[in-house]
Structures are given as C-alpha cells and as structure tokens.
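J.: Enclosed is the structure file protein_22.txt (compact mmCIF, C-alpha atoms).
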```txt
# COMPACT_ATOMS: atom_id res chain seq x y z
CA MET A 26 -52.59 -31.62 24.32
CA ALA A 27 -56.01 -31.89 25.95
CA TRP A 28 -54.94 -29.46 28.65
CA PHE A 29 -53.93 -26.99 25.95
CA ARG A 30 -57.32 -27.18 24.25
CA SER A 31 -59.12 -26.70 27.57
CA PHE A 32 -56.85 -23.81 28.44
CA PHE A 33 -58.44 -21.56 25.85
CA HIS A 34 -62.00 -22.79 26.42
CA VAL A 35 -61.90 -21.77 30.05
CA SER A 36 -59.94 -18.55 29.61
CA SER A 37 -63.06 -16.44 29.10
CA THR A 38 -64.78 -17.85 32.20
CA LYS A 39 -61.69 -17.26 34.26
CA SER A 40 -61.46 -13.66 33.16
CA SER A 41 -65.05 -13.00 34.29
CA SER A 42 -64.29 -14.25 37.80
CA ILE A 43 -61.29 -12.04 38.40
CA LYS A 44 -61.43 -10.41 41.79
CA HIS A 45 -62.06 -6.66 41.55
CA ARG A 46 -59.16 -4.60 42.79
CA TYR A 47 -58.82 -0.85 42.59
CA LEU A 48 -55.67 0.93 41.53
CA ASN A 49 -53.47 2.25 44.28
CA PRO A 50 -52.70 5.90 43.41
CA SER A 51 -49.83 5.96 45.90
CA SER A 52 -47.87 3.24 44.08
CA PRO A 53 -44.36 4.41 43.10
CA PRO A 54 -43.49 4.83 39.42
CA PHE A 55 -41.30 2.24 37.72
CA LEU A 56 -39.91 1.31 34.31
CA PHE A 57 -42.41 1.89 31.49
CA THR A 58 -44.77 3.86 33.75
CA SER A 59 -46.25 5.52 30.68
CA LEU A 60 -47.33 2.10 29.42
CA LEU A 61 -49.65 1.74 32.38
CA GLN A 62 -51.59 5.02 32.54
CA HIS A 63 -54.73 6.43 30.91
CA PHE A 64 -56.26 3.03 30.22
CA SER A 65 -59.07 2.67 27.71
CA THR A 66 -61.91 0.23 28.41
CA GLU A 67 -64.41 0.92 25.64
CA SER A 68 -63.44 -1.87 23.24
CA THR A 69 -65.69 -4.65 22.04
CA ILE A 70 -65.03 -8.13 20.72
CA GLN A 71 -67.01 -9.92 18.03
CA THR A 72 -67.22 -13.67 18.63
CA PRO A 73 -67.54 -15.76 15.46
CA SER A 74 -69.30 -19.14 15.47
CA PRO A 75 -67.48 -22.22 16.86
CA ASN A 76 -67.42 -23.77 13.41
CA ASP A 77 -64.42 -21.69 12.33
CA HIS A 78 -62.33 -22.76 15.35
CA HIS A 79 -62.59 -19.37 17.05
CA TYR A 80 -62.30 -19.03 20.81
CA SER A 81 -63.81 -16.09 22.64
CA GLY A 82 -60.56 -15.03 24.31
CA LEU A 83 -60.47 -12.20 26.86
CA GLY A 84 -63.01 -9.40 26.75
CA PRO A 85 -62.58 -5.79 27.83
CA THR A 86 -61.74 -5.10 31.45
CA LYS A 87 -64.62 -3.83 33.58
CA PRO A 88 -64.65 -0.87 35.99
CA GLY A 89 -62.86 -1.84 39.17
CA GLU A 90 -60.83 -4.60 37.55
CA LYS A 91 -57.11 -4.34 37.15
CA PRO A 92 -56.15 -2.89 33.75
CA ARG A 93 -54.73 -5.42 31.31
CA MET A 94 -51.39 -5.11 29.57
CA VAL A 95 -50.85 -7.42 26.60
CA VAL A 96 -47.23 -8.15 25.70
CA LEU A 97 -46.49 -9.63 22.26
CA GLY A 98 -43.23 -11.56 22.51
CA SER A 99 -41.08 -13.37 25.06
CA GLY A 100 -37.63 -12.08 24.12
CA TRP A 101 -35.27 -9.84 26.03
CA ALA A 102 -37.40 -6.71 25.90
CA GLY A 103 -40.74 -8.38 26.61
CA CYS A 104 -39.44 -10.47 29.50
CA ARG A 105 -37.60 -7.53 31.07
CA LEU A 106 -40.81 -5.54 30.99
CA MET A 107 -42.94 -8.35 32.44
CA LYS A 108 -40.45 -8.93 35.22
CA GLY A 109 -40.73 -5.29 36.38
CA ILE A 110 -44.53 -5.05 36.35
CA ASP A 111 -46.34 -4.87 39.72
CA THR A 112 -48.96 -7.57 39.18
CA SER A 113 -50.87 -6.58 42.31
CA ILE A 114 -51.97 -3.55 40.30
CA TYR A 115 -51.87 -4.76 36.70
CA ASP A 116 -52.79 -7.96 34.86
CA ILE A 117 -50.29 -9.25 32.29
CA VAL A 118 -51.14 -11.35 29.25
CA CYS A 119 -48.19 -12.58 27.19
CA VAL A 120 -48.71 -13.88 23.66
CA SER A 121 -45.73 -15.64 22.09
CA PRO A 122 -44.96 -18.69 19.93
CA ARG A 123 -42.47 -19.85 22.58
CA ASN A 124 -42.94 -20.16 26.33
CA HIS A 125 -39.40 -19.22 27.31
CA MET A 126 -36.71 -16.61 26.87
CA VAL A 127 -33.43 -17.59 25.18
CA PHE A 128 -30.09 -16.30 26.46
CA THR A 129 -28.77 -15.87 22.93
CA PRO A 130 -25.09 -14.99 23.73
CA LEU A 131 -24.56 -18.55 24.98
CA LEU A 132 -26.62 -20.29 22.30
CA ALA A 133 -23.54 -21.11 20.22
CA SER A 134 -22.06 -23.03 23.15
CA THR A 135 -25.01 -25.42 23.22
CA CYS A 136 -24.37 -26.51 19.62
CA VAL A 137 -21.20 -28.36 20.60
CA GLY A 138 -22.17 -29.48 24.10
CA THR A 139 -20.24 -26.89 26.09
CA LEU A 140 -23.60 -26.00 27.66
CA GLU A 141 -26.87 -27.89 27.72
CA PHE A 142 -29.95 -26.40 26.11
CA ARG A 143 -31.81 -25.98 29.41
CA SER A 144 -29.00 -23.69 30.58
CA VAL A 145 -29.88 -20.98 28.05
CA ALA A 146 -33.70 -21.09 28.26
CA GLU A 147 -35.75 -19.55 31.07
CA PRO A 148 -39.53 -20.18 31.24
CA VAL A 149 -41.73 -17.10 31.09
CA GLY A 150 -43.62 -18.35 34.15
CA ARG A 151 -40.41 -18.24 36.17
CA ILE A 152 -39.48 -14.75 34.98
CA GLN A 153 -42.94 -13.47 35.98
CA PRO A 154 -44.54 -15.99 38.40
CA ALA A 155 -47.91 -14.19 38.34
CA ILE A 156 -48.51 -15.59 34.85
CA SER A 157 -48.69 -19.07 36.36
CA ARG A 158 -50.81 -18.30 39.42
CA GLU A 159 -52.80 -15.05 39.16
CA PRO A 160 -56.37 -15.43 37.82
CA GLY A 161 -56.11 -12.47 35.45
CA CYS A 162 -52.59 -13.15 34.12
CA PHE A 163 -52.00 -15.57 31.27
CA PHE A 164 -49.45 -16.88 28.84
CA PHE A 165 -50.88 -17.90 25.45
CA LEU A 166 -48.80 -20.00 23.07
CA ALA A 167 -49.89 -18.22 19.92
CA HIS A 168 -49.04 -15.83 17.10
CA CYS A 169 -50.53 -12.38 16.85
CA LYS A 170 -52.17 -12.24 13.43
CA GLU A 171 -53.82 -8.82 13.41
CA LEU A 172 -54.05 -5.62 15.43
CA ASP A 173 -57.33 -3.70 15.71
CA ALA A 174 -56.02 -0.52 17.31
CA ASP A 175 -59.35 1.29 17.02
CA ASN A 176 -61.10 -1.28 19.23
CA HIS A 177 -58.06 -2.14 21.39
CA VAL A 178 -58.06 -5.79 20.32
CA VAL A 179 -55.39 -8.20 19.09
CA HIS A 180 -56.39 -11.26 17.07
CA CYS A 181 -54.29 -14.36 17.61
CA GLU A 182 -53.86 -17.90 16.32
CA THR A 183 -52.75 -20.77 18.54
CA VAL A 184 -49.50 -22.63 17.94
CA THR A 185 -49.95 -26.41 17.74
CA ASP A 186 -47.89 -29.43 16.75
CA GLY A 187 -50.14 -30.29 13.81
CA GLU A 188 -53.80 -30.63 12.97
CA ASN A 189 -53.81 -34.30 14.03
CA THR A 190 -53.51 -33.10 17.63
CA MET A 191 -55.37 -29.82 17.53
CA LYS A 192 -56.38 -27.48 14.76
CA PRO A 193 -55.01 -23.94 15.18
CA GLY A 194 -57.69 -21.83 16.85
CA ASN A 195 -58.34 -18.12 16.57
CA PHE A 196 -59.09 -15.94 19.57
CA SER A 197 -59.07 -12.28 20.49
CA ILE A 198 -57.71 -10.36 23.46
CA SER A 199 -58.87 -6.92 24.49
CA TYR A 200 -56.14 -4.73 25.92
CA ASP A 201 -55.83 -1.53 27.88
CA LYS A 202 -52.18 -1.15 26.90
CA LEU A 203 -50.41 -3.10 24.17
CA VAL A 204 -46.64 -3.59 24.15
CA ILE A 205 -45.19 -4.99 20.92
CA ALA A 206 -41.95 -6.82 21.65
CA ALA A 207 -41.90 -9.11 18.62
CA GLY A 208 -38.13 -8.99 18.12
CA ALA A 209 -36.57 -9.62 14.72
CA GLU A 210 -35.83 -12.50 12.39
CA ALA A 211 -32.74 -13.61 10.50
CA SER A 212 -32.08 -11.69 7.30
CA THR A 213 -31.68 -13.73 4.11
CA PHE A 214 -31.52 -10.74 1.70
CA GLY A 215 -33.79 -12.67 -0.64
CA ILE A 216 -31.03 -15.12 -1.57
CA HIS A 217 -32.40 -18.29 -3.12
CA GLY A 218 -32.12 -21.48 -1.08
CA VAL A 219 -31.20 -20.00 2.30
CA LYS A 220 -34.38 -20.96 4.16
CA GLU A 221 -34.45 -24.38 2.53
CA HIS A 222 -30.85 -25.47 3.15
CA ALA A 223 -29.26 -23.29 5.86
CA VAL A 224 -29.67 -23.42 9.62
CA PHE A 225 -30.06 -20.21 11.60
CA LEU A 226 -28.85 -19.70 15.15
CA ARG A 227 -31.54 -17.76 17.01
CA GLU A 228 -33.61 -20.35 18.86
CA VAL A 229 -32.97 -23.44 20.95
CA HIS A 230 -34.33 -25.68 18.21
CA ASP A 231 -31.78 -24.13 15.81
CA ALA A 232 -28.95 -25.15 18.13
CA GLN A 233 -30.44 -28.62 18.51
CA GLU A 234 -30.58 -29.04 14.74
CA ILE A 235 -26.96 -27.90 14.36
CA ARG A 236 -25.79 -30.37 17.00
CA ARG A 237 -27.85 -33.19 15.45
CA LYS A 238 -26.53 -32.52 11.96
CA LEU A 239 -22.94 -32.12 13.10
CA LEU A 240 -22.91 -35.44 14.97
CA LEU A 241 -24.77 -37.20 12.15
CA ASN A 242 -22.20 -36.06 9.60
CA LEU A 243 -19.39 -37.28 11.84
CA MET A 244 -21.03 -40.70 11.99
CA LEU A 245 -21.80 -40.89 8.27
CA SER A 246 -18.29 -39.89 7.24
CA ASP A 247 -16.87 -42.98 8.97
CA VAL A 248 -19.12 -45.44 7.12
CA PRO A 249 -17.27 -47.78 4.69
CA GLY A 250 -17.64 -46.87 1.05
CA ILE A 251 -17.70 -43.09 1.51
CA SER A 252 -15.36 -41.40 -0.95
CA GLU A 253 -12.67 -38.95 0.11
CA GLU A 254 -14.51 -36.13 -1.64
CA GLU A 255 -17.78 -36.95 0.12
CA LYS A 256 -16.02 -37.12 3.49
CA SER A 257 -14.58 -33.66 2.95
CA ARG A 258 -18.00 -32.30 2.01
CA LEU A 259 -19.85 -33.89 4.94
CA LEU A 260 -17.31 -32.54 7.42
CA HIS A 261 -17.04 -29.06 5.93
CA CYS A 262 -18.86 -26.61 8.22
CA VAL A 263 -19.58 -23.31 6.49
CA VAL A 264 -20.64 -20.21 8.43
CA ILE A 265 -22.08 -17.25 6.50
CA GLY A 266 -21.69 -13.92 8.28
CA GLY A 267 -18.79 -12.50 10.24
CA GLY A 268 -20.79 -10.74 12.93
CA PRO A 269 -20.76 -11.61 16.64
CA THR A 270 -22.87 -14.76 16.17
CA GLY A 271 -20.86 -16.10 13.25
CA VAL A 272 -17.51 -15.43 14.90
CA GLU A 273 -18.63 -16.91 18.23
CA PHE A 274 -20.00 -20.05 16.60
CA SER A 275 -16.88 -20.50 14.46
CA GLY A 276 -14.74 -20.25 17.58
CA GLU A 277 -16.88 -22.76 19.48
CA LEU A 278 -16.79 -25.14 16.54
CA SER A 279 -13.01 -24.95 16.18
CA ASP A 280 -12.59 -25.64 19.91
CA PHE A 281 -14.90 -28.65 19.55
CA ILE A 282 -12.79 -29.97 16.69
CA ILE A 283 -9.50 -29.55 18.55
CA LYS A 284 -10.67 -30.88 21.94
CA ASP A 285 -13.26 -33.50 21.05
CA VAL A 286 -13.18 -34.56 17.40
CA HIS A 287 -9.46 -35.25 17.40
CA GLN A 288 -9.90 -37.62 20.33
CA ARG A 289 -13.28 -39.25 19.69
CA TYR A 290 -13.35 -39.31 15.89
CA ALA A 291 -9.71 -39.97 15.07
CA HIS A 292 -10.55 -41.73 11.79
CA VAL A 293 -11.96 -38.56 10.23
CA LYS A 294 -10.20 -35.83 12.17
CA ASP A 295 -8.18 -34.70 9.16
CA TYR A 296 -11.29 -34.09 7.07
CA ILE A 297 -13.28 -31.74 9.29
CA HIS A 298 -12.74 -28.01 8.91
CA VAL A 299 -14.56 -24.69 9.27
CA THR A 300 -14.95 -21.86 6.75
CA LEU A 301 -16.27 -18.43 7.66
CA ILE A 302 -17.53 -16.37 4.69
CA GLU A 303 -17.97 -12.62 5.12
CA ALA A 304 -18.58 -9.93 2.51
CA ASN A 305 -16.51 -7.30 4.34
CA GLU A 306 -14.45 -7.45 7.53
CA ILE A 307 -15.44 -9.69 10.41
CA LEU A 308 -16.89 -7.81 13.40
CA SER A 309 -17.07 -4.71 11.23
CA SER A 310 -19.00 -2.72 13.87
CA PHE A 311 -16.30 -3.27 16.50
CA ASP A 312 -12.95 -1.64 17.23
CA ASP A 313 -10.14 -2.35 14.76
CA ARG A 314 -7.94 -3.93 17.43
CA LEU A 315 -10.71 -6.34 18.36
CA ARG A 316 -11.19 -7.29 14.70
CA GLN A 317 -7.50 -8.00 14.31
CA TYR A 318 -7.44 -10.08 17.48
CA ALA A 319 -10.48 -12.10 16.41
CA THR A 320 -8.97 -12.69 12.96
CA LYS A 321 -5.72 -13.87 14.48
CA GLN A 322 -7.40 -16.23 16.94
CA LEU A 323 -9.74 -17.76 14.36
CA THR A 324 -6.91 -18.32 11.90
CA LYS A 325 -4.77 -19.83 14.64
CA SER A 326 -7.52 -22.28 15.57
CA GLY A 327 -7.89 -23.46 11.97
CA VAL A 328 -10.87 -21.43 10.74
CA ARG A 329 -10.55 -20.47 7.10
CA LEU A 330 -11.68 -16.87 6.42
CA VAL A 331 -13.11 -16.14 2.98
CA HIS A 332 -14.19 -12.75 1.61
CA GLY A 333 -17.15 -13.16 -0.69
CA ILE A 334 -20.84 -12.54 -1.29
CA VAL A 335 -23.22 -15.47 -1.46
CA LYS A 336 -25.17 -15.57 -4.71
CA ASP A 337 -27.06 -18.84 -4.36
CA VAL A 338 -27.48 -21.67 -1.87
CA GLN A 339 -28.02 -25.19 -3.17
CA LEU A 340 -28.48 -28.52 -1.44
CA GLN A 341 -24.81 -29.35 -0.99
CA LYS A 342 -22.96 -26.23 -2.07
CA VAL A 343 -22.86 -22.44 -1.79
CA ILE A 344 -22.18 -20.36 -4.89
CA LEU A 345 -20.39 -17.03 -4.45
CA ASN A 346 -20.73 -13.99 -6.69
CA ASP A 347 -17.41 -14.74 -8.42
CA GLY A 348 -18.62 -18.22 -9.38
CA THR A 349 -16.74 -20.07 -6.64
CA GLU A 350 -18.54 -23.17 -5.42
CA VAL A 351 -18.16 -24.07 -1.73
CA PRO A 352 -19.40 -27.57 -0.83
CA TYR A 353 -20.72 -28.06 2.68
CA GLY A 354 -22.18 -30.63 5.04
CA LEU A 355 -23.42 -28.06 7.57
CA LEU A 356 -24.39 -24.50 6.63
CA VAL A 357 -25.07 -21.95 9.37
CA TRP A 358 -26.52 -18.57 8.33
CA SER A 359 -25.86 -15.57 10.61
CA THR A 360 -25.93 -12.41 8.50
CA GLY A 361 -27.86 -10.16 10.87
CA VAL A 362 -31.53 -9.56 11.52
CA GLY A 363 -34.49 -7.75 9.99
CA PRO A 364 -38.15 -7.08 10.79
CA SER A 365 -40.32 -10.06 11.71
CA PRO A 366 -43.43 -10.97 9.67
CA LEU A 367 -45.64 -9.43 12.36
CA THR A 368 -43.69 -6.15 12.29
CA ARG A 369 -43.93 -5.98 8.51
CA SER A 370 -47.66 -6.72 8.50
CA LEU A 371 -48.69 -4.06 11.01
CA GLN A 372 -50.01 -0.87 9.47
CA LEU A 373 -47.97 1.38 11.75
CA PRO A 374 -45.35 4.08 11.11
CA LYS A 375 -41.97 2.57 10.28
CA SER A 376 -38.49 3.80 11.02
CA SER A 377 -35.46 3.04 8.86
CA GLY A 378 -34.94 -0.67 8.28
CA GLY A 379 -38.66 -1.42 8.50
CA ARG A 380 -38.90 -1.31 12.29
CA ILE A 381 -41.95 0.09 14.08
CA GLY A 382 -41.43 3.80 14.59
CA VAL A 383 -41.56 5.12 18.16
CA ASP A 384 -41.06 8.46 19.92
CA GLU A 385 -38.84 9.20 22.93
CA TRP A 386 -41.33 7.45 25.24
CA LEU A 387 -41.40 4.27 23.11
CA ARG A 388 -44.96 5.10 22.01
CA VAL A 389 -46.31 4.43 18.53
CA PRO A 390 -47.52 7.97 17.76
CA SER A 391 -50.31 7.19 15.29
CA VAL A 392 -52.35 4.96 17.65
CA GLN A 393 -53.38 5.16 21.28
CA ASP A 394 -52.15 2.87 24.03
CA VAL A 395 -49.68 1.02 21.81
CA PHE A 396 -45.95 0.84 22.58
CA ALA A 397 -43.05 -0.97 20.90
CA ILE A 398 -39.81 -2.05 22.57
CA GLY A 399 -36.74 -4.08 21.66
CA ASP A 400 -35.45 -5.04 18.22
CA CYS A 401 -38.84 -4.57 16.52
CA CYS A 402 -38.77 -0.79 16.97
CA GLY A 403 -36.64 2.21 16.15
CA PHE A 404 -36.80 5.94 16.78
CA LEU A 405 -38.64 7.96 14.17
CA GLU A 406 -36.63 10.53 12.24
CA SER A 407 -38.64 13.32 13.87
CA THR A 408 -37.13 12.45 17.27
CA GLY A 409 -33.62 13.29 16.09
CA LYS A 410 -32.35 10.03 17.58
CA PRO A 411 -30.54 7.36 15.53
CA VAL A 412 -31.96 3.86 15.06
CA LEU A 413 -29.82 1.75 17.36
CA PRO A 414 -28.43 -1.65 16.33
CA ALA A 415 -29.94 -4.84 17.76
CA LEU A 416 -27.34 -5.25 20.50
CA ALA A 417 -27.78 -5.69 24.25
CA GLN A 418 -25.67 -2.64 25.10
CA ASP A 419 -27.72 -0.33 22.92
CA ALA A 420 -30.98 -1.84 24.12
CA ARG A 421 -29.99 -1.10 27.72
CA THR A 422 -29.22 2.51 26.80
CA ARG A 423 -32.53 2.87 24.97
CA LEU A 424 -34.57 1.42 27.84
CA GLN A 425 -32.78 3.59 30.42
CA SER A 426 -33.41 6.67 28.28
CA GLY A 427 -37.05 5.71 27.94
CA ARG A 428 -37.40 5.23 31.67
CA GLU A 429 -35.97 8.67 32.43
CA ASN A 430 -38.25 10.34 29.88
CA ILE A 431 -41.31 8.48 31.16
CA LEU A 432 -40.73 9.39 34.79
CA GLY A 433 -39.89 12.96 33.83
CA ALA A 434 -43.06 13.34 31.77
CA TYR A 435 -45.44 11.78 34.23
```
Output the structure of this file as structure tokens.

T.:
Amino acid sequence: MAWFRSFFHVSSTKSSSIKHRYLNPSSPPFLFTSLLQHFSTESTIQTPSPNDHHYSGLGPTKPGEKPRMVVLGSGWAGCRLMKGIDTSIYDIVCVSPRNHMVFTPLLASTCVGTLEFRSVAEPVGRIQPAISREPGCFFFLAHCKELDADNHVVHCETVTDGENTMKPGNFSISYDKLVIAAGAEASTFGIHGVKEHAVFLREVHDAQEIRRKLLLNLMLSDVPGISEEEKSRLLHCVVIGGGPTGVEFSGELSDFIIKDVHQRYAHVKDYIHVTLIEANEILSSFDDRLRQYATKQLTKSGVRLVHGIVKDVQLQKVILNDGTEVPYGLLVWSTGVGPSPLTRSLQLPKSSGGRIGVDEWLRVPSVQDVFAIGDCCGFLESTGKPVLPALAQDARTRLQSGRENILGAY
C-alpha cells in the first residue's frame, strides 16, 4: 500500500504542474453539456496540520487551466458520464470506494460459477483511459464525507484495508462542476438482524460471499455426525424479495442445483432447496403475463414461493409476521434500494423517497454547479415529472431527456 499512500502525497504537486490549455469554443456539444459551462474558480481550501492525517488534495483551478469536473461514484450513471467527457478540454476526478463498475444484471450468475467475477467488473481506468494517464485526471479510492457548496469543495476520506496498513486520511478537492452519482443502497426497512445475518447482492464481494457460503455449506452438510435437521438447515437457501434480482438469483440457484449439485454432491442432493419469500406478487412492477410465466418457471425448477412479511432475522432463522420460523443456511436479501448514506447526509432538496431533487436539466436548484444523476436523484415535484424507478430502461429515458433539454437550453 506504499504506492497508495504516495498517491495522495504527490497529488497536489501534480495538479500544480498541469499544462495550461485553453477551452476550445468551437467544440461540439455533447451529453451533459450543461455540466461543463459557467465554471466557478473562486473557491479556497483550508489545509489542516499533518497531525490529523489530512492531505492537501486538489486546489482550485487557475486561469488557463482546464476546468475540473468531480464525479462522486463509479456506477452506471457516473461511468457513462465519464466515458462521454472530452478530456482534451476538461479534467475529470472520480471519487469512489470502488475502482470499477459492476454489470449488475449478470451479478447473480457469478454466484454459482456461470460467469467469473472479472466478467462483470470493468475498471474505471479502462472506461475513461484519461484517468490513468492525463496529469490533471485522477481516480481517488475514497468516500465523500462532506460537501461545501459555498466554496466549491468536497471533503473526502480514503478507503483502506485497516489502520495496520494505512490510517484513513482526509483530503479536499476543489471543483468547477460537481456531479453526484452516488447510487443507492439495499433497503432493509429497519428490520432487526438483516445487516448482521443476510447477504446482499449489489457488489462483486457480495457475490463472492454468496458463492463461498454456498460451497461451504455443501461441504459441511456431508461431514459425519451432522443431523438430518441440520443438513436441511445448512442447505436451505432463502431469498427475500421477489423483484428482478431475487427472481434472477433464485433461477440461477435452481439451475445450479439441478445441473451441478445433483452430480457433484449426490450425498446431499435431496436436502438442498430454495425458498423465495415475497410480501406481494413477484415481479409486481412487470406485466401480468410475465409474472405468471416467472412463477410457473420457478415452481417448475423447484423454487418454493412463500407470501409473507419478514418481522425479524436471527442467526439461523427468519421470523415472518405470522410467527412462522424459516430456518436457513444462506440468506440473500434483495428487497429493493433506498438512498445511500451520502445522499441522506447532504443538505440538499430531496424528492420523494429521499433522493436528491433535480430539475429537468439534472441540476440541484438550491446550489450552483452541482448536478445529480442516476439512482441517487429524482425529479422535484415542481417539474411535473414522476420519480422514475431505479431501472436501466428508465435511466436511459431520463438521461436522453436530460440531453435534449441541455442542448436545447444552451
């Protein structure tokens, strides 16, 4: 991790040696053009003493330098934006706790070995190569902790693998335009025990944990001395949530059982089964014919469908609202998403559901030079537009609409 520590120490000296380049007024407009105009360069950064593990970061851009766009997040929205930016005109700084984008629709397939993990992760430096080679473009493995919109500064904290290697450091980045693309996090609805005992399915490390636990339970269930009841519990895979992720994972898991477990783990093949628990109908936001087809296929493949609301999650069992206890060896939680901690902490206008409120141009109206895109934002009620669900199809519609409005306005 020595390279990582040096990375932040030299970042401020690198930024001061950036070659001066003037904007080209004849450059054609592109997606998010409004994010890149009317730049402000009057911000200042206060540098605390080195004793509190604070790094200087990146100061304000100077006259003649390329304006700096800071992107918070490396998900679908953030990476799509960074990919379309002309880095000969603009400098990009990405701040994210992960250095890659995850192709989430295929994440369930990696849990059972249909795909390898590297197949669903794309490094940010490959999506936007300038981040790896341009002197004014950076990727910082960090969390955004605070936004100072008045001074055009974001305060960040580095992500490390523990204080034995490197203590988390604080640094600041001055921006000309800020794009918040922080995404969303899994919703637990405040149910006790979910974060402690369940596994989510949103990141590569989630899929790795599911695969590890699934294979471990298969091994443990074949050890001499294990009771029949314990075998059934270890090999009971429970999925909470009948949305696209829960249905897809249940289908992948049932295929894995039929094609692999029955051949490679013949001693315990009769004990393993999958239960999908949903409060309403599975795929409730989809067409009725699709719901019926999915129900038929899951039932045919051996997935047990249960209607119920989870009341409590304990170490080895789930308790439903009617008192039913469901023992499990693997518990996967996929009940939808909600605002991330960063989104909740920002003192910005909120739309319904706690998302950052934006206008038709994806601008945060109460502050200057701040935009929000992706699952972390939603249209304000004053726009007359509905808050769209966190789906790829709706995101594409929203971004296309924003592009047309931006180009039409500017």

J.: Taking all atoms listed in the file into account, produce a table as a tab-separated table in which each residue of region 155-183 of chain A with an atom at most 12 Å from an atom of region 368-374 of chain A appears once, together with its shortest atom pair and the distance in Å to one decimal, ordered by chain and rising number.

T.:
```
residue	atom	partner	partner_atom	distance
A:Cys169	CA	A:Thr368	CA	10.3
A:Lys170	CA	A:Ser370	CA	8.7
A:Glu171	CA	A:Leu371	CA	7.4
A:Leu172	CA	A:Leu371	CA	7.1
A:Asp173	CA	A:Leu371	CA	9.8
A:Ala174	CA	A:Gln372	CA	9.9
A:Val179	CA	A:Leu371	CA	11.3
```

J.: Check the smallest atom-to-atom distance from each of A:Val120, A:Gly399, A:Val362, A:Val219 to His180 (chain A) using only C-alpha atoms, then report the winner.

T.: A:Val120

J.: Rank nothing, just name the residue among A:Ile152, A:Gly361, A:Val383, A:Ala133 nearest to His230 (chain A), using only C-alpha atoms.

T.: A:Ala133

J.: Go through A:Ile156, A:Val395, A:Ala304, A:Val137 and flag the residue nearest Ile110 (chain A), using only C-alpha atoms for the distances.

T.: A:Ile156

J.: Got a sec to check which residues sit within 10 Å of (-18.9, -39.7, 8.5), counting all atoms listed in the file, and write them as number ranges by chain?

T.: A: 239-249, 251, 255-260, 290, 292-293, 296-297

J.: Counting only C-alpha atoms, which of A:Ala146, A:Ile117, A:Ile198, A:Ile334 gets nearest to Gly84 (chain A)?

T.: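 Smallest distance to Gly84 (chain A) is found for A:Ile198.
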
J.: Set the distance at 8 Å and use only C-alpha atoms: which residues neighbour Leu166 (chain A) once local chain neighbours fewer than 3 positions away are removed? I'd like the list as a short mmCIF file (atom, residue, chain, number, x, y, z; two decimals) with C-alpha atoms, in the frame of the given file.

T.:
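New file result-v4.cif:
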```cif
data_model
loop_
_atom_site.label_atom_id
_atom_site.label_comp_id
_atom_site.auth_asym_id
_atom_site.auth_seq_id
_atom_site.Cartn_x
_atom_site.Cartn_y
_atom_site.Cartn_z
CA VAL A 120 -48.71 -13.88 23.66
CA SER A 121 -45.73 -15.64 22.09
CA PRO A 122 -44.96 -18.69 19.93
CA ARG A 123 -42.47 -19.85 22.58
CA ASN A 124 -42.94 -20.16 26.33
CA THR A 183 -52.75 -20.77 18.54
CA VAL A 184 -49.50 -22.63 17.94
#
```

J.: Figure out the distance between CA of Ile307 (chain A) and CA of Ile344 (chain A), please, to one decimal in Å.

T.: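 Atom-to-atom, CA of Ile344 (chain A) and CA of Ile307 (chain A) are spaced 19.8 Å apart.
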
J.: I'd like to know which of A:Glu234, A:Glu147, A:Asp280, A:Glu159 is closest to Leu355 (chain A), using all atoms listed in the file.

T.: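 Of A:Glu234, A:Glu147, A:Asp280, A:Glu159, the one nearest Leu355 (chain A), counting all atoms listed in the file, is A:Glu234.
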